[in-house]
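Some notes on the structure that comes next.
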Amino acid sequence: MPLKTVKTNTAEALTLEWVLHVKNYKLTLDKNRCVGCQICALACPKEAVKLEKQPKSQGEKAKKTKVDVDLTKCNFCGICDILCPYGAVKVTVDGKHVLSVVDKKSFPELIRKIQVETSRCPPECVECEDVCPLELITVSCLTPEGKTVENPVSLTEHEKQGLKTKVDIQTGYCPCCRICEVKCPEGLVRVKKFMHGKITIKPEKCPEGCRDCLDVCPVTGALYLSEEDEKVHVNEVFCVYCGACKVVCPVDEALELKRSGIDHTPVHSGAWNKSLERLTSPVEMTKELKTKGSLKARESAMRRVALKEE
Amino acid sequence: MPERITRKKAAAKPRKRKKETVRKKPRAKEPRIGVFVCQCGSNISSVVDINSLTKYAEALPNVVHAENMDYPCSLQGQDKIIAAIKEHKLDRVVVAGCSPRLYEPTFQNCVSRAGLNPWLFEMANIREFDSYCHQQKPIEATEKAKDTVRMAVAKARLLEPLKPIELPITKKVMVIGGGIAGINAALDLADMGFKVYAVERTETIGGYMALLDKTFPTLDCSICIEGPKMVDVGRHPNIEIISFADVLKVEGHAGNFRVRIRRNPRYVIAANCTGCGECKDACPIEYPNYADMHLGVRKAISVPYGQAVPLIYTINRDYCIECYKCVDACGARQAINFEQKPEEIEVTVGAIVVSIGYGMYNPEDLKWTGYGKFDNVFTALEFERLILAAGPTGGKVVRASDGSKPHSIAFIQCVGSRDINKYEYCSSFCCMYTLKHAVMLKEKYKDAINVYVFFNDMRSNFKGYEEFYNRAEKSGVKFVRVKLENRRVTEETETKNLTVYGETEDGKPVSAKVEMVVLANAAVPHHTAPELAKILGIPLGKDGFFVECQPKIRPTDTDVPGIFLAGACQGLKDIPYSVAQGSAAAAQAAAVLRKDAWVVEPLVAKVNEDLCSGCRICESTCGYKAINVEKVGEKEVAKVSEGLCRGCGICSSACPMDAITMPHYSDKQILAQVEAVCEKVRESESASS
């Protein structure tokens with residue numbers, strides 16, 4: 001008998017479901033978090049993700065690209081879930097966030113390295129919370145007993161003694177743009193980008209008055225409007241190389257985006273190689289394979305040495 | 001038509017005359033014809049005046065002997081004919097009796113026992129064409145009988161001895177479809193010593209029976225009794241299973257069918273796969289399992305169920321993400337090959353057994369059932385997978401809406417079948433499997449469950465079946481007899497409980513509140529049947545099942561000699577009858593294979609290569625692909641494949657060069673008959689003028 005499938009599309013979310021008697025597979029795309037970048041579409045091994053460019057009307061801001069998933073192609077593997085820099089996709093099995101491709105070592109996880117030296121944080125400082133473009137950081141001030149202190153700014157220096165600062169970061173949704181790191185007045189935040197690459201805008205190729213890339217960029221400051229030539233320029237320190245800008249750019253050569261690598265947990269998987277190849281380039285993929293090869297060679301050499309010593 | 005005949009005749013005249021004179025010289029003596037008129041009890045004699053017919057026949061030119069007898073087809077009658085042939089030195093025999101379709105072979109046999117060539121025999125049908133259809137007009141019927149005999153005698157004068165055509169036989173056989181019928185056919189044939197190619201479309205043989213929990217009426221475990229047979233097929237030295245394959249093309253004829261098969265890629269090398277399943281454990285991807293009716297899942301590299309034969313894993317590339325974890329797990333066995341391509345092979349076999357089985361109707365479009373809309377409405381096969389211990393729920397019958405055990409279940413019969421808007425026929429085994437389900441539930445859960453069966457007629461008409469119905473009734477199953485119309489199922493939105501409504505024969509409404517509904521949905525012709533019918537050249541009936549040659553006495557033959565039917569693809573039937581038919585088809589296939597040569601009646605088209613212009617008109621008219629233009633030396637000429645030609649004569653009448661003749665139905669012989677029947681018309685015309 002036919003497979004029972006459900007697809008619902010609301011303003012808030014797109015959900016896909018396989019309703020089996022013993023299992024329920026569900027993919028949820030949070031439309032508020034989705035920025036319409038091309039990562040999932042490129043990474044999907046089944047080519048189930050389609051990007052739908054939204055038409056722009058005169059005088060309005062460019063709209064972010066809509067993402068649609070083909071229910072007949074999707075196999076709920078969760079690769080989009082793993083790779084989405086903004087954590088917009090979630091795949092669940094029977095309501096639990098299960099990624100068997102990670103469990104079976106068929107696919108790596110992204111490495112999001114964010115460290116905050118909270119011990120040295122001034123109690124009243126909430127700079128990182130304020131600058132985070134995606135509002136993923138909550139800073140709270142705690143007493144030594146662990147009680148939350150409301151409005152620490154109003155306290156006297158004496159009262160501030162012994163207070164602790166707690167910084168909660170929703171890491172799963174963080175694209176690691178480093179704005180918090182750069183903006184931290186004390187230099188206590190360390191963020192390592194997981195995606196590396198190069199983005200260039202050739203302002204001479206940009207159409208007059210076009211700011212489409214800037215309109216859709218979710219990371220405030222990665223792209224900015226230059227006062228000199230009134231064109232969009234890049235601040236590569238903040239760019240996360242998601243490609244939302246590239247998708248909406250109306251001129252092919254104006255914006256160039258090349259991803260060169262992705263930080264991930266170690267893996268040996270054809271699916272990852274293919275995703276990597278599509279996200280970066282065949283050259284970068286082969287580079288990674290070569291490094292892996294040498295690692296393997298080194299490991300086996302070590303093993304031989306260990307055997308001899310025994 | 002007459003115009004055409006005259007044209008042809010005119011064109012052929014000078015040539016033919018010359019030939020005739022040449023041929024007539026050595027045959028100096030006139031033909032000596034014997035006519036035997038059959039009374040057929042009272043079937044013929046009650047209408048036709050037999051005595052006057054016999055006298056009339058005796059007076060016809062070249063007839064040296066005529067007699068009437070009660071049953072010439074009886075042994076006694078045949079002996080009389082043989083004696084008459086010897087006594088009167090007959091060299092042509094005409095029997096006026098029934099249809100040649102029934103008795104021509106018998107009489108041909110009879111005359112050949114008397115030393116005559118069997119093709120020097122002619123039959124005049126005065127039963128089906130005369131006494132049966134003109135019972136009210138005996139005088140006219142007698143006249144018609146005289147005409148018919150006169151025609152037969154006219155043809156008999158020109159009959160020529162023919163030699164049967166003998167074709168070699170390949171001592172191999174193919175069974176298409178590996179369900180329980182096909183399994184039995186394959187095993188029987190293999191045990192008789194024939195090489196069997198068992199072609200299966202899916203990954204494993206076993207068919208529907210392998211998916212069932214129990215079998216009625218004995219409640220034997222289905223896979224426990226089929227599994228060993230599947231293994232036997234897999235291990236038999238004479239059987240080669242060609243699984244995950246499609247039949248693309250069948251050419252040739254009985255004794256020599258050339259079958260083209262496409263082996264679809266499993267992406268696993270069959271020879272290297274040990275069936276250990278380590279790849280399955282490494283695979284991260286799951287997809288709905290069709291063998292579980294999509295209630296459960298299987299891995300992207302897996303077998304549909306553990307007892308699969310052959311035990312070769314298959315990668316479903318629709319779902320695989322190509323992480324190659326299976327390749328790592330397989331290791332040194334090196335059984336996985338992502339580069340595998342479809343492979344086409346050709347085998348030659350002497351006979352084919354078709355046993356492709358059936359499909360199940362999806363009742364989603366019958367809105368009254370609520371199937372597909374209400375969570376707790378299941379089809380019977382889905383229920384079968386639920387109740388099966390090796391099934392996706394481990395044998396727990398649970399509801400889809402909340403996973404709870406239902407306290408009441410209603411079975412609804414005849415969903416799609418016995419419905420003139422869907423499938424007019426009865427699906428034949430639903431009553432019994434519903435009884436099986438009901439008994440299993442009732443005997444397991446006793447009073448903890450209420451079981452209702454909404455039925456219209458209970459069909460339990462084979463060995464042990466009625467007793468099984470009684471057992472169901474005794475166990476406390478509530479049978480509710482309702483009309484097939486005005487049934488419906490409704491759902492309570494909150495509890496997801498269901499109510500089944502019906503109407504009794506006398507129009508009273510009945511209903512039952514239940515927690516689960518199981519539909520006995522119709523079994524339907526297999527979806528590949530229409531294509532296979534085209535490939536094999538065998539007809540499909542109005543109901544979509546293959547048509548047997550004769551429904552009563554040749555239920556496993558098809559219209560194509562050498563192709564036989566077994567199991568539910570011929571008509572829905574349950575396991576024991578499919579098994580029996582599998583063996584029956586095997587015996588018939590063996591009868592073909594055991595012959596030294598495949599003898600074809602010599603009634604195949606003959607091409608005069610000198611006259612043929614290679615225009616290919618015959619090629620385009622032949623419905624059996626039996627005539628093809630080939631290059632012979634410098635010239636292109638039509639060649640007849642004797643095994644394929646059915647002697648229909650279309651090519652002969654279409655040929656503009658008059659190069660094709662039909663032995664036993666030559667222009668000369670047919671025209672002689674036409675002349676004979678027109679004789680009287682001419683007589684009466686001249687009398688009136």
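Within each chain, counting starts at residue 1; across the structure tokens, chains are named A, B, ... in the order shown, with ligands numbered 1 upward in that order.
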
Practice prompt. Please identify all polymer residues within 9 Å of A:Pro250, counting only C-alpha atoms, omitting same-chain residues fewer than 4 positions from it, and present them as a PyMOL selection string.
Written response: chain A and resi 206-207+210+212+246+254

Could those residues be written to a file, using C-alpha atoms, as a PDB file, in the first residue's frame?
ATOM      1  CA  CYS A 206      27.339  46.060  -9.778  1.00  0.00           C
ATOM      2  CA  PRO A 207      24.185  47.548 -11.283  1.00  0.00           C
ATOM      3  CA  CYS A 210      21.654  47.500  -6.369  1.00  0.00           C
ATOM      4  CA  ASP A 212      20.296  42.988  -3.045  1.00  0.00           C
ATOM      5  CA  LYS A 246      25.387  35.031  -4.153  1.00  0.00           C
ATOM      6  CA  ALA A 254      29.759  40.953  -9.708  1.00  0.00           C
TER       7      ALA A 254
END

At a cut-off of 12 Å, using only C-alpha atoms, what residues contact stretch 229-232 of chain B? Leave out same-chain residues fewer than 5 positions from it and give the result as a PDB file with C-alpha atoms, in the first residue's frame.
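Output below, filename result-v9.pdb:
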ATOM      1  CA  GLY B 178       8.673 -16.684  -8.270  1.00  0.00           C
ATOM      2  CA  GLY B 179       5.579 -16.820  -6.111  1.00  0.00           C
ATOM      3  CA  ILE B 180       4.352 -20.073  -4.659  1.00  0.00           C
ATOM      4  CA  ALA B 181       2.962 -21.227  -8.033  1.00  0.00           C
ATOM      5  CA  GLY B 182       6.205 -20.445  -9.842  1.00  0.00           C
ATOM      6  CA  ILE B 183       8.277 -22.055  -7.086  1.00  0.00           C
ATOM      7  CA  ASN B 184       6.369 -25.316  -7.484  1.00  0.00           C
ATOM      8  CA  ALA B 185       6.539 -25.248 -11.253  1.00  0.00           C
ATOM      9  CA  ALA B 186      10.298 -24.611 -11.110  1.00  0.00           C
ATOM     10  CA  LEU B 187      10.948 -27.329  -8.536  1.00  0.00           C
ATOM     11  CA  ASP B 188       8.868 -29.925 -10.396  1.00  0.00           C
ATOM     12  CA  ALA B 190      14.025 -29.176 -12.112  1.00  0.00           C
ATOM     13  CA  ASP B 191      13.320 -32.506 -10.420  1.00  0.00           C
ATOM     14  CA  ALA B 198      13.418 -18.790 -12.642  1.00  0.00           C
ATOM     15  CA  THR B 204      13.537 -12.271  -3.753  1.00  0.00           C
ATOM     16  CA  ILE B 205      11.319 -15.126  -4.773  1.00  0.00           C
ATOM     17  CA  GLY B 206       8.466 -16.030  -2.450  1.00  0.00           C
ATOM     18  CA  GLY B 207       5.710 -13.700  -3.610  1.00  0.00           C
ATOM     19  CA  MET B 209       2.909 -16.043   0.569  1.00  0.00           C
ATOM     20  CA  ALA B 210       6.255 -15.079   2.109  1.00  0.00           C
ATOM     21  CA  SER B 222       3.268 -19.286   6.127  1.00  0.00           C
ATOM     22  CA  ILE B 223       6.994 -18.616   5.754  1.00  0.00           C
ATOM     23  CA  CYS B 224       7.787 -21.809   7.692  1.00  0.00           C
ATOM     24  CA  PRO B 237      21.479 -27.601  -9.258  1.00  0.00           C
ATOM     25  CA  ASN B 238      19.042 -27.382 -12.170  1.00  0.00           C
ATOM     26  CA  ILE B 239      17.570 -24.019 -11.243  1.00  0.00           C
ATOM     27  CA  GLU B 240      19.151 -20.703 -12.077  1.00  0.00           C
ATOM     28  CA  ILE B 241      17.377 -17.813 -10.371  1.00  0.00           C
ATOM     29  CA  GLN B 307      14.336 -15.440   4.484  1.00  0.00           C
ATOM     30  CA  ALA B 308      14.977 -13.817   1.099  1.00  0.00           C
ATOM     31  CA  VAL B 309      16.182 -16.130  -1.664  1.00  0.00           C
ATOM     32  CA  PRO B 310      18.620 -15.454  -3.197  1.00  0.00           C
ATOM     33  CA  LEU B 311      20.155 -13.847  -0.150  1.00  0.00           C
ATOM     34  CA  VAL B 579       0.541 -24.945  -5.940  1.00  0.00           C
TER      35      VAL B 579
END

Fill in: Shell of 10 Å around stretch 63-78 of chain B, only C-alpha atoms, local chain residues under 2 positions omitted, as number ranges by chain
B: 31-42, 44-45, 50-51, 53-61, 80-85, 87-90, 92-98, 103-104, 106-107, 109-111, 113-114, 153, 157

Item to complete: Among the residues of stretch 202-241 of chain A, find those DSSP assigns to alpha helix (DSSP H) from the backbone and print them as a list of chain:residue names.
Response: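 Going through stretch 202-241 of chain A, the alpha helix (DSSP H) residues come out as A:Asp212, A:Cys213, A:Leu214, A:Asp215, A:Val216.
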
Item to complete: Tell me which protein, DNA and RNA residues are within 8 Å of stretch 403-412 of chain B, counting only C-alpha atoms, leaving out same-chain ones fewer than 4 positions away, and put them as a ChimeraX atom specification.
Response: /B:396-399,434,448-455,500,512-520

Could you save those same residues with N, CA and C atoms as a PDB file, in the first residue's frame?
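Printed below is result.pdb as written:
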ATOM      1  N   LYS B 396       2.616  -7.137  17.424  1.00  0.00           N
ATOM      2  CA  LYS B 396       1.615  -6.436  18.233  1.00  0.00           C
ATOM      3  C   LYS B 396       0.632  -5.737  17.310  1.00  0.00           C
ATOM      4  N   VAL B 397      -0.653  -6.042  17.527  1.00  0.00           N
ATOM      5  CA  VAL B 397      -1.672  -5.341  16.760  1.00  0.00           C
ATOM      6  C   VAL B 397      -1.925  -4.025  17.478  1.00  0.00           C
ATOM      7  N   VAL B 398      -1.421  -2.955  16.918  1.00  0.00           N
ATOM      8  CA  VAL B 398      -1.590  -1.646  17.558  1.00  0.00           C
ATOM      9  C   VAL B 398      -2.135  -0.639  16.565  1.00  0.00           C
ATOM     10  N   ARG B 399      -2.816   0.361  17.127  1.00  0.00           N
ATOM     11  CA  ARG B 399      -3.428   1.383  16.280  1.00  0.00           C
ATOM     12  C   ARG B 399      -2.358   2.366  15.793  1.00  0.00           C
ATOM     13  N   THR B 434     -10.010 -13.387   6.093  1.00  0.00           N
ATOM     14  CA  THR B 434     -10.660 -12.630   7.150  1.00  0.00           C
ATOM     15  C   THR B 434     -11.028 -13.558   8.310  1.00  0.00           C
ATOM     16  N   ALA B 448     -11.282 -10.318  25.528  1.00  0.00           N
ATOM     17  CA  ALA B 448     -10.718  -8.965  25.613  1.00  0.00           C
ATOM     18  C   ALA B 448     -10.888  -8.196  24.309  1.00  0.00           C
ATOM     19  N   ILE B 449     -11.356  -8.893  23.297  1.00  0.00           N
ATOM     20  CA  ILE B 449     -11.517  -8.201  22.005  1.00  0.00           C
ATOM     21  C   ILE B 449     -12.838  -8.590  21.352  1.00  0.00           C
ATOM     22  N   ASN B 450     -13.482  -7.599  20.762  1.00  0.00           N
ATOM     23  CA  ASN B 450     -14.706  -7.844  20.010  1.00  0.00           C
ATOM     24  C   ASN B 450     -14.358  -7.831  18.534  1.00  0.00           C
ATOM     25  N   VAL B 451     -14.730  -8.908  17.852  1.00  0.00           N
ATOM     26  CA  VAL B 451     -14.412  -8.973  16.428  1.00  0.00           C
ATOM     27  C   VAL B 451     -15.708  -9.037  15.630  1.00  0.00           C
ATOM     28  N   TYR B 452     -15.869  -8.073  14.725  1.00  0.00           N
ATOM     29  CA  TYR B 452     -17.033  -8.046  13.844  1.00  0.00           C
ATOM     30  C   TYR B 452     -16.570  -8.311  12.426  1.00  0.00           C
ATOM     31  N   VAL B 453     -17.395  -9.077  11.685  1.00  0.00           N
ATOM     32  CA  VAL B 453     -17.122  -9.243  10.263  1.00  0.00           C
ATOM     33  C   VAL B 453     -18.347  -8.755   9.503  1.00  0.00           C
ATOM     34  N   PHE B 454     -18.195  -7.650   8.783  1.00  0.00           N
ATOM     35  CA  PHE B 454     -19.278  -7.122   7.947  1.00  0.00           C
ATOM     36  C   PHE B 454     -19.140  -7.760   6.575  1.00  0.00           C
ATOM     37  N   PHE B 455     -20.004  -8.742   6.322  1.00  0.00           N
ATOM     38  CA  PHE B 455     -19.868  -9.481   5.068  1.00  0.00           C
ATOM     39  C   PHE B 455     -21.182  -9.463   4.306  1.00  0.00           C
ATOM     40  N   VAL B 500     -18.644   1.647  11.997  1.00  0.00           N
ATOM     41  CA  VAL B 500     -18.946   1.043  10.703  1.00  0.00           C
ATOM     42  C   VAL B 500     -20.456   0.959  10.563  1.00  0.00           C
ATOM     43  N   ALA B 512     -21.493  -0.644  14.173  1.00  0.00           N
ATOM     44  CA  ALA B 512     -20.665  -1.119  15.280  1.00  0.00           C
ATOM     45  C   ALA B 512     -19.582  -0.083  15.542  1.00  0.00           C
ATOM     46  N   LYS B 513     -19.390   0.202  16.828  1.00  0.00           N
ATOM     47  CA  LYS B 513     -18.302   1.123  17.189  1.00  0.00           C
ATOM     48  C   LYS B 513     -17.062   0.288  17.459  1.00  0.00           C
ATOM     49  N   VAL B 514     -15.988   0.604  16.762  1.00  0.00           N
ATOM     50  CA  VAL B 514     -14.759  -0.182  16.899  1.00  0.00           C
ATOM     51  C   VAL B 514     -13.545   0.740  16.985  1.00  0.00           C
ATOM     52  N   GLU B 515     -12.436   0.113  17.344  1.00  0.00           N
ATOM     53  CA  GLU B 515     -11.217   0.908  17.462  1.00  0.00           C
ATOM     54  C   GLU B 515     -10.279   0.715  16.273  1.00  0.00           C
ATOM     55  N   MET B 516     -10.612  -0.268  15.449  1.00  0.00           N
ATOM     56  CA  MET B 516      -9.784  -0.491  14.253  1.00  0.00           C
ATOM     57  C   MET B 516     -10.648  -1.125  13.178  1.00  0.00           C
ATOM     58  N   VAL B 517     -10.380  -0.779  11.907  1.00  0.00           N
ATOM     59  CA  VAL B 517     -11.112  -1.375  10.797  1.00  0.00           C
ATOM     60  C   VAL B 517     -10.102  -1.989   9.834  1.00  0.00           C
ATOM     61  N   VAL B 518     -10.416  -3.209   9.378  1.00  0.00           N
ATOM     62  CA  VAL B 518      -9.545  -3.869   8.402  1.00  0.00           C
ATOM     63  C   VAL B 518     -10.374  -4.155   7.152  1.00  0.00           C
ATOM     64  N   LEU B 519      -9.864  -3.703   6.003  1.00  0.00           N
ATOM     65  CA  LEU B 519     -10.597  -3.848   4.752  1.00  0.00           C
ATOM     66  C   LEU B 519     -10.078  -5.045   3.960  1.00  0.00           C
ATOM     67  N   ALA B 520     -11.025  -5.850   3.467  1.00  0.00           N
ATOM     68  CA  ALA B 520     -10.637  -6.940   2.558  1.00  0.00           C
ATOM     69  C   ALA B 520     -10.634  -6.354   1.155  1.00  0.00           C
TER      70      ALA B 520
END

Worksheet item: If you count only C-alpha atoms, which residues fall within 7 Å of stretch 25-29 of chain A, apart from same-chain ones fewer than 6 positions away, as a ChimeraX atom specification?
Response: /A:13-19,76,88-94

Fill in: Residue list for chain A near chain B as a list of chain:residue names, 6 Å, only C-alpha atoms
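The selection requested is A:Met1, A:Leu3, A:Leu20, A:His21, A:Val22, A:Pro45, A:Asn75, A:Ser100, A:Val101, A:Lys104, A:Ser106, A:Ser269, A:Gly270, A:Ala271.
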
Would you save the residues from that selection as an mmCIF file, in the first residue's frame, using N, CA and C atoms?
data_model
loop_
_atom_site.group_PDB
_atom_site.id
_atom_site.type_symbol
_atom_site.label_atom_id
_atom_site.label_comp_id
_atom_site.auth_asym_id
_atom_site.auth_seq_id
_atom_site.Cartn_x
_atom_site.Cartn_y
_atom_site.Cartn_z
ATOM 1 N N MET A 1 0.846 -1.204 0.000
ATOM 2 C CA MET A 1 0.000 0.000 0.000
ATOM 3 C C MET A 1 0.875 1.245 0.000
ATOM 4 N N LEU A 3 2.900 4.740 0.617
ATOM 5 C CA LEU A 3 3.498 5.345 1.801
ATOM 6 C C LEU A 3 2.715 6.606 2.153
ATOM 7 N N LEU A 20 4.942 6.430 9.207
ATOM 8 C CA LEU A 20 4.911 4.974 9.170
ATOM 9 C C LEU A 20 4.277 4.489 10.455
ATOM 10 N N HIS A 21 3.850 3.232 10.418
ATOM 11 C CA HIS A 21 3.190 2.725 11.605
ATOM 12 C C HIS A 21 4.142 2.679 12.789
ATOM 13 N N VAL A 22 5.397 2.354 12.546
ATOM 14 C CA VAL A 22 6.333 2.186 13.654
ATOM 15 C C VAL A 22 7.279 3.361 13.818
ATOM 16 N N PRO A 45 22.333 15.195 -0.858
ATOM 17 C CA PRO A 45 22.788 14.144 -1.773
ATOM 18 C C PRO A 45 21.686 13.699 -2.737
ATOM 19 N N ASN A 75 15.134 11.886 1.718
ATOM 20 C CA ASN A 75 15.191 10.607 2.437
ATOM 21 C C ASN A 75 15.472 10.805 3.927
ATOM 22 N N SER A 100 21.261 9.685 12.297
ATOM 23 C CA SER A 100 21.964 8.404 12.219
ATOM 24 C C SER A 100 23.171 8.497 11.305
ATOM 25 N N VAL A 101 23.200 9.489 10.391
ATOM 26 C CA VAL A 101 24.394 9.625 9.542
ATOM 27 C C VAL A 101 25.607 10.010 10.390
ATOM 28 N N LYS A 104 26.433 6.776 12.661
ATOM 29 C CA LYS A 104 27.095 5.702 11.901
ATOM 30 C C LYS A 104 28.379 6.196 11.234
ATOM 31 N N SER A 106 28.789 8.366 8.986
ATOM 32 C CA SER A 106 28.673 8.553 7.553
ATOM 33 C C SER A 106 28.813 10.012 7.183
ATOM 34 N N SER A 269 34.010 9.292 4.460
ATOM 35 C CA SER A 269 32.682 9.028 3.897
ATOM 36 C C SER A 269 32.555 9.631 2.506
ATOM 37 N N GLY A 270 32.021 8.830 1.610
ATOM 38 C CA GLY A 270 31.810 9.300 0.252
ATOM 39 C C GLY A 270 30.786 10.405 0.193
ATOM 40 N N ALA A 271 29.771 10.313 1.044
ATOM 41 C CA ALA A 271 28.718 11.318 1.049
ATOM 42 C C ALA A 271 29.293 12.676 1.423
#

Worksheet entry | In stretch 343-480 of chain B, DSSP strand (DSSP E or B) residues written as a VMD selection string | chain B and resid 343 to 349 351 to 354 358 to 360 371 374 377 to 379 408 to 415 417 423 450 to 455 478 to 480

Worksheet item: Which is closer to B:Gly359 than all the others in B:Val199, B:Ile627, B:Ala529, B:Cys655, using only C-alpha atoms?
Response: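 Selected residue with least distance to B:Gly359: B:Ala529.
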
Worksheet item: Any idea what the distance is between atom CA of B:His253 and atom CA of B:Leu611?
Response: 27.7 Å

Fill in: Contacts of A:Leu295 at 12 Å (only C-alpha atoms; same-chain gap of 6+ positions) as a ChimeraX atom specification
/A:266,268,288-289,301-302

Worksheet item: atom CA of A:Ile201 to atom CA of A:His233: how many Å, to one decimal?
Response: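 That distance, rounded to one decimal, is 6.4 Å.
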